Amino acid sequence: MTKTIKLALAASMVLGATSAFATNGTALIGYGAKSRAMGGTGVAQFQGAESGFNNPALIGYAKGTEVSIGGTYFSPDVSFEGPDFTSPTLANTTESSTANASMIPAVSTADKVNDNFAWGLALYGVGGMGVDYRESPATTVPSGANDNLMLMRFSVPLAWMPVDGLSLGFSPIIEYGALSMGGTGVTTDIAYGAEVGAAYQIAGVTIGLDYKSAVTHDFKNTFDSLAMTGQPGSNTKLDTPQTIAAGVSYNFLKNHTVAVDYKNIAYSSAKGFEDFAWDDQNVFALGYEFAADAWAVRVGYNHGASPLPTDIDGTFADGGVSANQVIGSLAMFPAVTENHYTVGGTYAFSEKVSLDGAFVYGTGSASADIPANTWMPGSPAGEITANNDQISLTAALNYNF
């Protein structure tokens, strides 16, 4: 097992060597090609081996053994708009981040051992965030603003089916994190968590529930959220937040499936994020699939309101949201992409081999009014805006034994 984990982590570092500009906050909307093509749904629909990413209970519905090897090419377009805070007479300018495309892995297996038990392996990029404004003037973007957060996860989904239709799942989690900020070097950390899920099928309907625990990383040589926001004390911990999800899918007329998912991502109680006054994010996803014998087409939509604070109403001392919290979030972690439009499909070369594909377009922005004397002593008031649009292509090759 130790050797397997080391190999998995090594593979994730090679495939995901640059940061992922995530979309539901710092999380991807979905991890496998089928899920991403259907708006990030997957909590209540069996999608082959990749179901181990979204709900471990679902691999209980596997028929045999399946391996899926895939990845996502992710290309963001991130920018920061604001006035020249050193001179109130100059017009707004827009500066573009030079942190560009990245590759994100998604490798999974599912093995139905007997009628009551299945297990698998899952290696996938959870998400991350990154900007690089070092080539931009410090009059609009904070001087030298750059960071790179990368999160890769290895898990072992287990599913038990005590009665027909019902599947209960559990998955231990090992997560690798790497963070660099402002030229301080890279801090890496391995942390642990767990996931539990349940699914029930009856008359073409599948109902699913999933809980992913928070995973706490300590980036003590790179990150201090309290110091960054001007609050007393020190906090070098940064969570991959707890997520609670529920979903339902309905297969009708044999070929058609509709899926609806809801997720709550708990940023407001996540270490690091809570110090920047992030809100919980409620995510709604809708997907549709038409599946024929040798091919399938899928479409979807995903919406999650940005969790970033945008209203400056005081300081940490009086219980308000400070300028540091708002500016730091919009400039360094612009998780403002809210709407995602998705499409994809599958082509089966044979009964054993198939290829999945997905395309996702995401868009969003958020603005904040910055009071005078905030950027630096004597700086004028002004509005700042963070924009985060992105496209991604996902492909996965599946083999059924």
# chains A, B, ... in the order shown; residues from 1 in each chain; ligands from 1

call {"tool": "residues_around", "arguments": {"residues": "stretch 70-79 of chain A", "least_positions_apart": "6", "cutoff": "7 Å", "atoms": "only C-alpha atoms", "output": "number ranges by chain"}}
result
A: 21, 94-97, 100-107, 386-397

call {"tool": "closest_atom_pairs", "arguments": {"of": "stretch 192-234 of chain A", "to": "stretch 312-322 of chain A", "cutoff": "10 Å", "atoms": "only C-alpha atoms", "output": "Markdown table"}}
result
| residue | atom | partner | partner_atom | distance |
| --- | --- | --- | --- | --- |
| A:Thr229 | CA | A:Ser322 | CA | 7.8 |
| A:Gly230 | CA | A:Phe316 | CA | 8.0 |
| A:Gln231 | CA | A:Phe316 | CA | 6.6 |
| A:Pro232 | CA | A:Phe316 | CA | 9.3 |

call {"tool": "write_last_selection", "arguments": {"atoms": "C-alpha atoms", "output": "PDB file, in the first residue's frame"}}
result
ATOM      1  CA  THR A 229      -5.564  40.049   6.921  1.00  0.00           C
ATOM      2  CA  GLY A 230      -4.084  42.206   9.700  1.00  0.00           C
ATOM      3  CA  GLN A 231      -5.556  40.184  12.550  1.00  0.00           C
ATOM      4  CA  PRO A 232      -3.632  39.336  15.737  1.00  0.00           C
TER       5      PRO A 232
END

call {"tool": "residues_around", "arguments": {"residues": "stretch 185-188 of chain A", "least_positions_apart": "3", "cutoff": "9 Å", "atoms": "only C-alpha atoms", "output": "list in words"}}
result
Asn148, Tyr176, Gly177, Ala178, Leu179, Ser180, Met181, Gly182, His217, Asp218, Phe219, Lys220, Asn221, Thr222 and Phe223 of chain A

call {"tool": "closest_atom_pairs", "arguments": {"of": "stretch 85-201 of chain A", "to": "stretch 334-337 of chain A", "cutoff": "10 Å", "atoms": "only C-alpha atoms", "output": "tab-separated table"}}
result
residue	atom	partner	partner_atom	distance
A:Gly128	CA	A:Ala335	CA	9.7
A:Met129	CA	A:Ala335	CA	7.8
A:Gly130	CA	A:Pro334	CA	8.4
A:Val131	CA	A:Pro334	CA	8.3

call {"tool": "residues_around", "arguments": {"residues": "stretch 116-124 of chain A", "least_positions_apart": "2", "cutoff": "7 Å", "atoms": "only C-alpha atoms", "output": "ChimeraX atom specification"}}
result
/A:8,52-53,59-60,105-114,126,152-162

call {"tool": "residues_around", "arguments": {"residues": "A:Leu166", "least_positions_apart": "5", "cutoff": "7 Å", "atoms": "only C-alpha atoms", "output": "JSON, numbers by chain"}}
result
{"A": [161, 199, 200, 201]}

call {"tool": "closest_residue", "arguments": {"among": "A:Gly364, A:Gly204, A:Pro172, A:Gly304", "to": "A:Val258", "atoms": "only C-alpha atoms"}}
result
A:Gly204

call {"tool": "atom_distance", "arguments": {"atom1": "atom CA of A:Ala292", "atom2": "atom CA of A:Asp356"}}
result
13.9 Å

call {"tool": "select_by_dssp", "arguments": {"residues": "stretch 97-304 of chain A", "states": "alpha helix (DSSP H)", "output": "PDB file with N, CA and C atoms, in the first residue's frame"}}
result
ATOM      1  N   SER A 225      -2.719  33.315   7.350  1.00  0.00           N
ATOM      2  CA  SER A 225      -3.933  34.054   6.999  1.00  0.00           C
ATOM      3  C   SER A 225      -4.198  35.217   7.941  1.00  0.00           C
ATOM      4  N   LEU A 226      -3.875  35.068   9.216  1.00  0.00           N
ATOM      5  CA  LEU A 226      -4.131  36.168  10.149  1.00  0.00           C
ATOM      6  C   LEU A 226      -3.196  37.341   9.888  1.00  0.00           C
ATOM      7  N   ALA A 227      -1.926  37.050   9.614  1.00  0.00           N
ATOM      8  CA  ALA A 227      -0.991  38.128   9.293  1.00  0.00           C
ATOM      9  C   ALA A 227      -1.386  38.832   8.000  1.00  0.00           C
ATOM     10  N   MET A 228      -1.870  38.061   7.018  1.00  0.00           N
ATOM     11  CA  MET A 228      -2.240  38.640   5.730  1.00  0.00           C
ATOM     12  C   MET A 228      -3.462  39.539   5.844  1.00  0.00           C
TER      13      MET A 228
END
